[in-house]
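So the structure is just underneath, and the comments pick up after that.
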Amino acid sequence: MADGTIPEPIQQLRAHLATIADLRAAAAVLRWDQETYMPPAGAAGRAEQLGTLMRLAHELLVSPRTRDLLAAAEGVLDRLDPDSDEARMVVMTRRDYDRLSRLPAEFVAARARAASLSIQVWREARRRNDFPAFRPALAQMVELARREADYLGYPEHPYDALLDHYEPGMTSRHVEALFARLREATVPLVRAIGGRPSPDDSFLHGEFDVQQQRAFGVEVAQAFGYDFSRGRLDESAHPFATSFHPDDVRITTRYSRYLPSAIFAIFHEAGHALYEQGIPPRLARTCLGRGASLGFHESQSRLWENLVGRSRPFWEHYYPRLQERFPSLRVVDLDRFYRAINRVQPSLIRVESDEVTYNLHIMLRFDLERRLVEGTLAVDELPDAWRERMQASLGVAPQTDAEGVLQDIHWASGSLGYFPTYTLGNVISVQLFEAARRDRPGLLEEIGRGQFGGLLGWLRERVHRHGRKYLPADLLRRATGTDLTPEPYLRYLAGKFGDLYGLGVEQPVRRP
């Protein structure tokens, strides 16, 4: 509004949405506790609590009250700047209402309860390498995903209804085309690298003091800009970030005998947290108070983990600090360390895979979960299908289900349709980083001095401050001036790893 006043219908809608956001935040706190400190015996009670909260939040969202408030707010849209927070709040609320009102409240509650219990079963099954123990819970989550897709509706494939929840506007057809292009360029690159000597990374495996790992990760996360007065770092079976409010954004990691595992997980989750902490408080407790999509969220985590955290300029500054904490590294020079942390080696575990092969892990999961949803792959067949696809795409196959089909939490939580967002994030991360470098030509030099304020400021301005005001495709165009394209990402991979492995080849040009 020209005079700065907000129309009463907009204020009333915002107040109503705040209650819904508070219920969802309370559920998120319970999920965070479930993954960090909740005793195992608390699973059944926690499932009921989450079911209740998610049912109440859903009932409020799809209630006649929301319908009436939304209609009234839409009646004053012509008095607002179309790009204003208020106008975009109304537009995105309409999208959410129209989509989610198709889901019965009891279904939402049942799904939340089932997911909470399924996660506990998965955690124990993975520990014991016991897929049969997890199979009934997984079958239930797949059936719930199918029902959700049927409730929501879809023009082409049931998977599209699930994917849209995580990446609005994206379809499996778009994902297939993107993955085909990535596979076309990645597979030859993996083969070329496989013909070169592999860097030694044995010095990264062993006993590394957990407190020192944590301290180094905290030091870097703070340097990136993660505000620990508005966040914290804990330990969980699967690293994650969660936000209850821009002033309460938490991350976790897990520690192992492979030093980079926990450190890069902290870098990764700090990237997610920086996004959430960068969303303006005025957008909190509305439908705009979170990231634009999980693909955009993943672009932030992968940018800080890989484009910054695995870059040579970064380690020119931070490697001496790492050596101080871990004396065994003092006999390893920077070049050897840099090559080791960027080693390309087909592996079993997605979260510990290298940049070049990572997307092959995602393609496998996309294919399998889409077949699960459409019913052409049975849950019983999943472990064997996983091993066959791993062998075919990466040349390795797990000897245990804990290293295979049980390694990720996503299907246990019912998050079918989530996995493609990881690769979307990789692609978007390079488009954003290239745009940032165009605007800040000295960006790599800043990183080499351990200065990240310029990059974070650019991301705050181009991405973070918008929250969920725009659909991902629109936000990407606003931030970079271009549509989604894998070509910058493929140039990045070919350049970085061509240099590391002395390939002397450029990324293949795509012919029309």
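Here's how to read the names in the structure tokens: chain A, B, ... by the order shown, residue numbers from 1 in each chain, ligand numbers from 1 in the order shown.
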
| message | Run DSSP on the backbone and tell me which residues of region 339-441 of chain A come out as helix (DSSP H, G or I); list them as a ChimeraX atom specification. | response | /A:339-341,350-352,358-374,379-394,420-439

| query | Contacts of Asp401 (chain A) at 12 Å or less, counting only C-alpha atoms, minus same-chain residues fewer than 3 places along, as an MDAnalysis selection string? | reply | chainID A and resid 122 125:135 348:349 382:387 397:398 404:408

| request: Write out as a list in words which residues come within 10 Å of region 7-11 of chain A when counting only C-alpha atoms, dropping same-chain ones fewer than 2 positions away. | output: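 Contacts, in chain order: Met1, Gly4, Thr5, Leu13, Arg14, Ala15, His16, Leu17, Asp68, Leu69, Leu70, Ala71, Ala72, Ala73, Glu74, Gly75, Val76, Leu77, Arg79, Leu80, Glu86, Ala87, Met89 and Val90 of chain A.
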
| task | Find the residue from A:Pro281, A:Pro168, A:Pro488, A:Gly450 that sits nearest to Ala435 (chain A); use only C-alpha atoms when measuring. | result |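 Nearest candidate to Ala435 (chain A) out of A:Pro281, A:Pro168, A:Pro488, A:Gly450: A:Pro488.
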
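Residue neighbourhood of Asp248 (chain A), excluding near-sequence residues (fewer than 5 positions): Arg230, Gly231 and Ser243 of chain A, at 7 Å, using only C-alpha atoms.
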
Kindly assemble as JSON lines a list of the region 72-180 of chain A residues that lie within 12 Å of region 19-32 of chain A, each paired with its nearest atom pair and their distance in Å to one decimal, using only C-alpha atoms, sorted first by chain and then by ascending residue number.
{"residue": "A:Thr93", "atom": "CA", "partner": "A:Ile20", "partner_atom": "CA", "distance": 11.7}
{"residue": "A:Ala109", "atom": "CA", "partner": "A:Ala27", "partner_atom": "CA", "distance": 11.8}
{"residue": "A:Ala112", "atom": "CA", "partner": "A:Ala27", "partner_atom": "CA", "distance": 9.8}
{"residue": "A:Arg113", "atom": "CA", "partner": "A:Arg31", "partner_atom": "CA", "distance": 11.4}
{"residue": "A:Ala115", "atom": "CA", "partner": "A:Arg31", "partner_atom": "CA", "distance": 10.4}
{"residue": "A:Ser116", "atom": "CA", "partner": "A:Arg31", "partner_atom": "CA", "distance": 8.1}
{"residue": "A:Leu117", "atom": "CA", "partner": "A:Arg31", "partner_atom": "CA", "distance": 11.4}
{"residue": "A:Ile119", "atom": "CA", "partner": "A:Arg31", "partner_atom": "CA", "distance": 10.3}
{"residue": "A:Gln120", "atom": "CA", "partner": "A:Arg31", "partner_atom": "CA", "distance": 11.5}

Residues as selected, N, CA, C and O atoms, written as an mmCIF file, in the first residue's frame, can you do that?
data_model
loop_
_atom_site.group_PDB
_atom_site.id
_atom_site.type_symbol
_atom_site.label_atom_id
_atom_site.label_comp_id
_atom_site.auth_asym_id
_atom_site.auth_seq_id
_atom_site.Cartn_x
_atom_site.Cartn_y
_atom_site.Cartn_z
ATOM 1 N N THR A 93 -0.769 -18.899 -0.258
ATOM 2 C CA THR A 93 -1.767 -19.548 0.588
ATOM 3 C C THR A 93 -2.847 -20.193 -0.268
ATOM 4 O O THR A 93 -3.317 -21.304 0.027
ATOM 5 N N ALA A 109 -3.168 -37.235 9.741
ATOM 6 C CA ALA A 109 -2.784 -37.688 11.076
ATOM 7 C C ALA A 109 -2.219 -39.107 11.031
ATOM 8 O O ALA A 109 -1.191 -39.403 11.670
ATOM 9 N N ALA A 112 1.304 -39.104 9.646
ATOM 10 C CA ALA A 112 2.278 -38.585 10.613
ATOM 11 C C ALA A 112 2.593 -39.629 11.676
ATOM 12 O O ALA A 112 3.756 -39.813 12.058
ATOM 13 N N ARG A 113 1.567 -40.326 12.165
ATOM 14 C CA ARG A 113 1.805 -41.371 13.175
ATOM 15 C C ARG A 113 2.636 -42.509 12.584
ATOM 16 O O ARG A 113 3.593 -42.988 13.209
ATOM 17 N N ALA A 115 4.704 -42.450 10.061
ATOM 18 C CA ALA A 115 6.075 -42.025 9.779
ATOM 19 C C ALA A 115 6.918 -42.018 11.043
ATOM 20 O O ALA A 115 8.080 -42.439 11.041
ATOM 21 N N SER A 116 6.348 -41.539 12.134
ATOM 22 C CA SER A 116 7.090 -41.488 13.390
ATOM 23 C C SER A 116 7.487 -42.888 13.845
ATOM 24 O O SER A 116 8.638 -43.126 14.246
ATOM 25 N N LEU A 117 6.564 -43.836 13.770
ATOM 26 C CA LEU A 117 6.871 -45.212 14.146
ATOM 27 C C LEU A 117 7.836 -45.865 13.170
ATOM 28 O O LEU A 117 8.743 -46.607 13.564
ATOM 29 N N ILE A 119 10.198 -44.530 11.409
ATOM 30 C CA ILE A 119 11.568 -44.063 11.607
ATOM 31 C C ILE A 119 12.254 -44.863 12.711
ATOM 32 O O ILE A 119 13.422 -45.238 12.601
ATOM 33 N N GLN A 120 11.533 -45.130 13.780
ATOM 34 C CA GLN A 120 12.111 -45.905 14.879
ATOM 35 C C GLN A 120 12.414 -47.333 14.439
ATOM 36 O O GLN A 120 13.464 -47.893 14.780
#

Going by DSSP on the backbone, which residues of region 164-353 of chain A come out as strand (DSSP E or B)? List them as an mmCIF file with all heavy atoms, in the first residue's frame.
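Saved as part01.cif:
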data_model
loop_
_atom_site.group_PDB
_atom_site.id
_atom_site.type_symbol
_atom_site.label_atom_id
_atom_site.label_comp_id
_atom_site.auth_asym_id
_atom_site.auth_seq_id
_atom_site.Cartn_x
_atom_site.Cartn_y
_atom_site.Cartn_z
ATOM 1 N N HIS A 205 41.246 -41.840 7.237
ATOM 2 C CA HIS A 205 40.535 -42.893 7.957
ATOM 3 C C HIS A 205 41.301 -43.228 9.238
ATOM 4 O O HIS A 205 42.520 -43.396 9.215
ATOM 5 C CB HIS A 205 40.428 -44.154 7.095
ATOM 6 C CG HIS A 205 39.647 -43.961 5.836
ATOM 7 N ND1 HIS A 205 38.319 -44.306 5.716
ATOM 8 C CD2 HIS A 205 40.016 -43.445 4.630
ATOM 9 C CE1 HIS A 205 37.900 -44.015 4.494
ATOM 10 N NE2 HIS A 205 38.909 -43.500 3.818
ATOM 11 N N LEU A 233 24.255 -27.333 17.398
ATOM 12 C CA LEU A 233 24.743 -28.518 16.693
ATOM 13 C C LEU A 233 24.619 -29.725 17.609
ATOM 14 O O LEU A 233 25.129 -29.705 18.732
ATOM 15 C CB LEU A 233 26.205 -28.329 16.276
ATOM 16 C CG LEU A 233 26.935 -29.564 15.737
ATOM 17 C CD1 LEU A 233 26.295 -30.050 14.432
ATOM 18 C CD2 LEU A 233 28.419 -29.261 15.526
ATOM 19 N N ASP A 234 23.932 -30.769 17.108
ATOM 20 C CA ASP A 234 23.778 -32.002 17.863
ATOM 21 C C ASP A 234 24.144 -33.189 16.985
ATOM 22 O O ASP A 234 24.538 -33.020 15.819
ATOM 23 C CB ASP A 234 22.336 -32.125 18.370
ATOM 24 C CG ASP A 234 22.008 -31.097 19.440
ATOM 25 O OD1 ASP A 234 22.431 -31.278 20.588
ATOM 26 O OD2 ASP A 234 21.346 -30.086 19.105
ATOM 27 N N GLU A 235 23.998 -34.374 17.535
ATOM 28 C CA GLU A 235 24.349 -35.603 16.828
ATOM 29 C C GLU A 235 23.082 -36.396 16.536
ATOM 30 O O GLU A 235 22.162 -36.443 17.356
ATOM 31 C CB GLU A 235 25.309 -36.433 17.687
ATOM 32 C CG GLU A 235 25.919 -37.621 16.969
ATOM 33 C CD GLU A 235 27.001 -38.295 17.791
ATOM 34 O OE1 GLU A 235 27.381 -37.751 18.849
ATOM 35 O OE2 GLU A 235 27.462 -39.385 17.377
ATOM 36 N N ALA A 241 19.041 -30.572 9.061
ATOM 37 C CA ALA A 241 18.809 -29.229 9.594
ATOM 38 C C ALA A 241 17.310 -29.057 9.748
ATOM 39 O O ALA A 241 16.523 -29.593 8.970
ATOM 40 C CB ALA A 241 19.372 -28.168 8.662
ATOM 41 N N THR A 242 16.902 -28.310 10.757
ATOM 42 C CA THR A 242 15.480 -28.029 10.937
ATOM 43 C C THR A 242 15.314 -26.627 11.480
ATOM 44 O O THR A 242 16.188 -26.119 12.192
ATOM 45 C CB THR A 242 14.826 -29.051 11.897
ATOM 46 O OG1 THR A 242 13.416 -28.861 11.900
ATOM 47 C CG2 THR A 242 15.365 -28.913 13.311
ATOM 48 N N SER A 243 14.202 -26.009 11.105
ATOM 49 C CA SER A 243 13.928 -24.636 11.527
ATOM 50 C C SER A 243 12.560 -24.556 12.168
ATOM 51 O O SER A 243 11.577 -25.041 11.611
ATOM 52 C CB SER A 243 13.992 -23.683 10.322
ATOM 53 O OG SER A 243 13.620 -22.376 10.701
ATOM 54 N N PHE A 244 12.510 -23.941 13.347
ATOM 55 C CA PHE A 244 11.249 -23.677 14.014
ATOM 56 C C PHE A 244 10.851 -22.213 13.847
ATOM 57 O O PHE A 244 9.685 -21.856 14.027
ATOM 58 C CB PHE A 244 11.344 -24.004 15.505
ATOM 59 C CG PHE A 244 12.050 -25.309 15.789
ATOM 60 C CD1 PHE A 244 12.994 -25.396 16.796
ATOM 61 C CD2 PHE A 244 11.788 -26.452 15.032
ATOM 62 C CE1 PHE A 244 13.647 -26.588 17.063
ATOM 63 C CE2 PHE A 244 12.434 -27.647 15.293
ATOM 64 C CZ PHE A 244 13.373 -27.712 16.312
ATOM 65 N N HIS A 245 11.856 -21.378 13.497
ATOM 66 C CA HIS A 245 11.695 -19.923 13.369
ATOM 67 C C HIS A 245 13.062 -19.426 12.904
ATOM 68 O O HIS A 245 14.077 -20.095 13.171
ATOM 69 C CB HIS A 245 11.326 -19.313 14.740
ATOM 70 C CG HIS A 245 11.047 -17.842 14.712
ATOM 71 N ND1 HIS A 245 12.060 -16.895 14.772
ATOM 72 C CD2 HIS A 245 9.875 -17.149 14.639
ATOM 73 C CE1 HIS A 245 11.521 -15.687 14.739
ATOM 74 N NE2 HIS A 245 10.208 -15.810 14.654
ATOM 75 N N ASP A 248 15.582 -19.795 15.523
ATOM 76 C CA ASP A 248 15.815 -21.113 16.129
ATOM 77 C C ASP A 248 15.959 -22.127 15.001
ATOM 78 O O ASP A 248 14.985 -22.768 14.600
ATOM 79 C CB ASP A 248 14.670 -21.489 17.068
ATOM 80 C CG ASP A 248 14.982 -22.728 17.913
ATOM 81 O OD1 ASP A 248 16.018 -23.381 17.664
ATOM 82 O OD2 ASP A 248 14.182 -23.038 18.819
ATOM 83 N N VAL A 249 17.184 -22.255 14.511
ATOM 84 C CA VAL A 249 17.487 -23.135 13.367
ATOM 85 C C VAL A 249 18.613 -24.071 13.796
ATOM 86 O O VAL A 249 19.718 -23.611 14.107
ATOM 87 C CB VAL A 249 17.913 -22.318 12.130
ATOM 88 C CG1 VAL A 249 18.125 -23.254 10.941
ATOM 89 C CG2 VAL A 249 16.885 -21.254 11.799
ATOM 90 N N ARG A 250 18.362 -25.383 13.795
ATOM 91 C CA ARG A 250 19.289 -26.345 14.385
ATOM 92 C C ARG A 250 19.835 -27.312 13.341
ATOM 93 O O ARG A 250 19.163 -27.618 12.360
ATOM 94 C CB ARG A 250 18.577 -27.118 15.504
ATOM 95 C CG ARG A 250 17.918 -26.187 16.506
ATOM 96 C CD ARG A 250 17.252 -26.928 17.640
ATOM 97 N NE ARG A 250 16.481 -26.001 18.477
ATOM 98 C CZ ARG A 250 15.930 -26.312 19.629
ATOM 99 N NH1 ARG A 250 16.066 -27.547 20.111
ATOM 100 N NH2 ARG A 250 15.255 -25.416 20.320
ATOM 101 N N ILE A 251 21.056 -27.778 13.587
ATOM 102 C CA ILE A 251 21.696 -28.721 12.680
ATOM 103 C C ILE A 251 22.245 -29.901 13.471
ATOM 104 O O ILE A 251 22.460 -29.811 14.685
ATOM 105 C CB ILE A 251 22.834 -28.064 11.863
ATOM 106 C CG1 ILE A 251 23.975 -27.588 12.762
ATOM 107 C CG2 ILE A 251 22.290 -26.913 11.024
ATOM 108 C CD1 ILE A 251 25.182 -27.043 11.988
ATOM 109 N N THR A 252 22.455 -31.022 12.765
ATOM 110 C CA THR A 252 23.069 -32.197 13.381
ATOM 111 C C THR A 252 24.132 -32.761 12.444
ATOM 112 O O THR A 252 24.176 -32.432 11.254
ATOM 113 C CB THR A 252 22.039 -33.313 13.676
ATOM 114 O OG1 THR A 252 21.642 -33.923 12.445
ATOM 115 C CG2 THR A 252 20.833 -32.777 14.408
ATOM 116 N N THR A 253 24.971 -33.612 12.984
ATOM 117 C CA THR A 253 25.945 -34.353 12.185
ATOM 118 C C THR A 253 26.094 -35.732 12.808
ATOM 119 O O THR A 253 25.430 -36.058 13.802
ATOM 120 C CB THR A 253 27.301 -33.635 12.121
ATOM 121 O OG1 THR A 253 28.123 -34.250 11.118
ATOM 122 C CG2 THR A 253 28.031 -33.674 13.458
ATOM 123 N N TYR A 258 35.936 -41.813 9.353
ATOM 124 C CA TYR A 258 36.332 -41.094 8.141
ATOM 125 C C TYR A 258 36.191 -39.606 8.430
ATOM 126 O O TYR A 258 35.088 -39.075 8.543
ATOM 127 C CB TYR A 258 35.448 -41.507 6.968
ATOM 128 C CG TYR A 258 35.772 -40.818 5.660
ATOM 129 C CD1 TYR A 258 37.054 -40.875 5.107
ATOM 130 C CD2 TYR A 258 34.786 -40.128 4.965
ATOM 131 C CE1 TYR A 258 37.340 -40.249 3.910
ATOM 132 C CE2 TYR A 258 35.066 -39.509 3.760
ATOM 133 C CZ TYR A 258 36.344 -39.564 3.229
ATOM 134 O OH TYR A 258 36.629 -38.940 2.040
#

| message | I'd like to know which of A:Arg462, A:Arg365, A:Arg310, A:Arg196 is closest to Pro420 (chain A), using only C-alpha atoms. | response | A:Arg365

| task | Just the residues within 10 Å of Arg440 (chain A), please, counting only C-alpha atoms, with nothing from its chain fewer than 6 positions along; format it as a ChimeraX atom specification. | result | /A:434,446,454-455,458

| Who sits within 12 Å of Ala436 (chain A), only C-alpha atoms, same chain under 4 positions skipped, as a list in words |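 After dropping sequence-adjacent residues, the list is Leu303, Leu307, Ser429, Val430, Gln431, Leu432, Arg440, Pro441, Gly442, Leu443, Leu444, Gly454, Leu455, Leu456, Gly457, Trp458, Leu459, Arg460, Glu461, Arg462, Val463, Ala479, Thr480 and Gly481 of chain A.
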
With N, CA, C and O atoms retained, could you export that selection as a CSV table (one decimal), in the first residue's frame?
chain,number,residue,atom,x,y,z
A,303,LEU,N,26.3,-25.7,-2.1
A,303,LEU,CA,27.2,-24.6,-2.4
A,303,LEU,C,28.2,-24.4,-1.3
A,303,LEU,O,29.4,-24.3,-1.6
A,307,LEU,N,31.2,-26.1,-3.3
A,307,LEU,CA,31.8,-25.0,-4.1
A,307,LEU,C,32.7,-24.2,-3.2
A,307,LEU,O,33.7,-23.6,-3.7
A,429,SER,N,23.1,-24.8,-7.5
A,429,SER,CA,24.2,-24.2,-6.7
A,429,SER,C,25.2,-23.6,-7.6
A,429,SER,O,25.8,-22.5,-7.3
A,430,VAL,N,25.5,-24.2,-8.7
A,430,VAL,CA,26.5,-23.7,-9.6
A,430,VAL,C,26.0,-22.5,-10.4
A,430,VAL,O,26.7,-21.5,-10.6
A,431,GLN,N,24.7,-22.5,-10.8
A,431,GLN,CA,24.2,-21.3,-11.4
A,431,GLN,C,24.2,-20.1,-10.5
A,431,GLN,O,24.6,-19.0,-10.9
A,432,LEU,N,23.9,-20.3,-9.2
A,432,LEU,CA,24.0,-19.3,-8.2
A,432,LEU,C,25.4,-18.8,-8.0
A,432,LEU,O,25.7,-17.6,-8.0
A,440,ARG,N,30.7,-10.4,-8.1
A,440,ARG,CA,31.9,-10.2,-7.2
A,440,ARG,C,33.1,-10.9,-7.7
A,440,ARG,O,33.4,-12.1,-7.4
A,441,PRO,N,33.8,-10.3,-8.7
A,441,PRO,CA,34.9,-11.0,-9.4
A,441,PRO,C,36.0,-11.5,-8.4
A,441,PRO,O,36.7,-12.4,-8.8
A,442,GLY,N,36.1,-10.9,-7.3
A,442,GLY,CA,37.2,-11.3,-6.3
A,442,GLY,C,36.7,-12.4,-5.3
A,442,GLY,O,37.3,-12.6,-4.3
A,443,LEU,N,35.6,-13.1,-5.6
A,443,LEU,CA,35.0,-13.9,-4.6
A,443,LEU,C,35.9,-15.1,-4.2
A,443,LEU,O,36.0,-15.4,-3.0
A,444,LEU,N,36.6,-15.7,-5.1
A,444,LEU,CA,37.5,-16.8,-4.8
A,444,LEU,C,38.6,-16.3,-3.9
A,444,LEU,O,39.0,-17.0,-3.0
A,454,GLY,N,30.8,-11.6,1.8
A,454,GLY,CA,30.4,-11.2,0.5
A,454,GLY,C,29.5,-12.2,-0.1
A,454,GLY,O,28.4,-11.8,-0.7
A,455,LEU,N,29.9,-13.5,-0.1
A,455,LEU,CA,29.0,-14.5,-0.6
A,455,LEU,C,27.7,-14.6,0.1
A,455,LEU,O,26.6,-14.7,-0.5
A,456,LEU,N,27.8,-14.6,1.4
A,456,LEU,CA,26.5,-14.7,2.2
A,456,LEU,C,25.6,-13.5,1.9
A,456,LEU,O,24.4,-13.7,1.8
A,457,GLY,N,26.2,-12.3,1.9
A,457,GLY,CA,25.4,-11.2,1.6
A,457,GLY,C,24.7,-11.2,0.2
A,457,GLY,O,23.5,-10.8,0.1
A,458,TRP,N,25.4,-11.8,-0.8
A,458,TRP,CA,24.8,-11.9,-2.1
A,458,TRP,C,23.7,-12.9,-2.0
A,458,TRP,O,22.6,-12.7,-2.6
A,459,LEU,N,23.8,-14.0,-1.3
A,459,LEU,CA,22.8,-15.0,-1.2
A,459,LEU,C,21.6,-14.5,-0.4
A,459,LEU,O,20.4,-14.8,-0.7
A,460,ARG,N,21.9,-13.7,0.6
A,460,ARG,CA,20.8,-13.0,1.4
A,460,ARG,C,20.0,-12.2,0.5
A,460,ARG,O,18.7,-12.2,0.6
A,461,GLU,N,20.6,-11.4,-0.4
A,461,GLU,CA,19.9,-10.5,-1.2
A,461,GLU,C,19.1,-11.2,-2.3
A,461,GLU,O,18.0,-10.8,-2.6
A,462,ARG,N,19.8,-12.2,-3.0
A,462,ARG,CA,19.2,-12.8,-4.2
A,462,ARG,C,18.2,-14.0,-3.8
A,462,ARG,O,17.3,-14.3,-4.6
A,463,VAL,N,18.5,-14.6,-2.7
A,463,VAL,CA,17.7,-15.8,-2.4
A,463,VAL,C,17.0,-15.8,-1.0
A,463,VAL,O,15.8,-15.8,-1.0
A,479,ALA,N,17.3,-14.5,-9.4
A,479,ALA,CA,18.6,-14.6,-8.8
A,479,ALA,C,19.7,-14.6,-9.8
A,479,ALA,O,20.8,-14.0,-9.6
A,480,THR,N,19.5,-15.3,-11.0
A,480,THR,CA,20.6,-15.5,-11.9
A,480,THR,C,20.4,-15.0,-13.3
A,480,THR,O,21.3,-14.9,-14.1
A,481,GLY,N,19.1,-14.7,-13.6
A,481,GLY,CA,18.8,-14.2,-15.0
A,481,GLY,C,18.6,-15.3,-16.0
A,481,GLY,O,18.5,-15.1,-17.2

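Excluding Ala473 (chain A) itself and same-chain residues fewer than 2 positions from it, the residues having an atom within 12 Å of it are Glu167, Pro168, Gly169, Met170, Ala292, Ser293, Gly295, Phe296, Leu424, Ile428, Arg468, Lys469, Tyr470, Leu471, Leu475, Leu476, Arg477, Arg478, Ala479, Thr480, Gly481, Thr482, Asp483, Leu484 and Thr485 of chain A, counting only C-alpha atoms.
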
| request: Quick one: pull the distance between CA of Thr357 (chain A) and CA of Ala139 (chain A), Å, one decimal. | output: 28.9 Å

| query | At what distance in Å, to one decimal, does CA of Glu305 (chain A) lie from CA of Phe267 (chain A)? | reply |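 A separation of 5.0 Å between them.
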
| remark: From the list A:Arg282, A:Arg339, A:Arg214, A:His268, the nearest residue to Trp304 (chain A) using only C-alpha atoms is A:His268

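CA of Arg343 (chain A) to CA of Pro199 (chain A) spans 6.2 Å [interatomic distance, one decimal].
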
| Nearest-residue call for Val190 (chain A), choices A:Asn426, A:Gln345, A:Ser63, A:Gln451, using only C-alpha atoms |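 Using only C-alpha atoms, the shortest distance to Val190 (chain A) belongs to A:Gln345.
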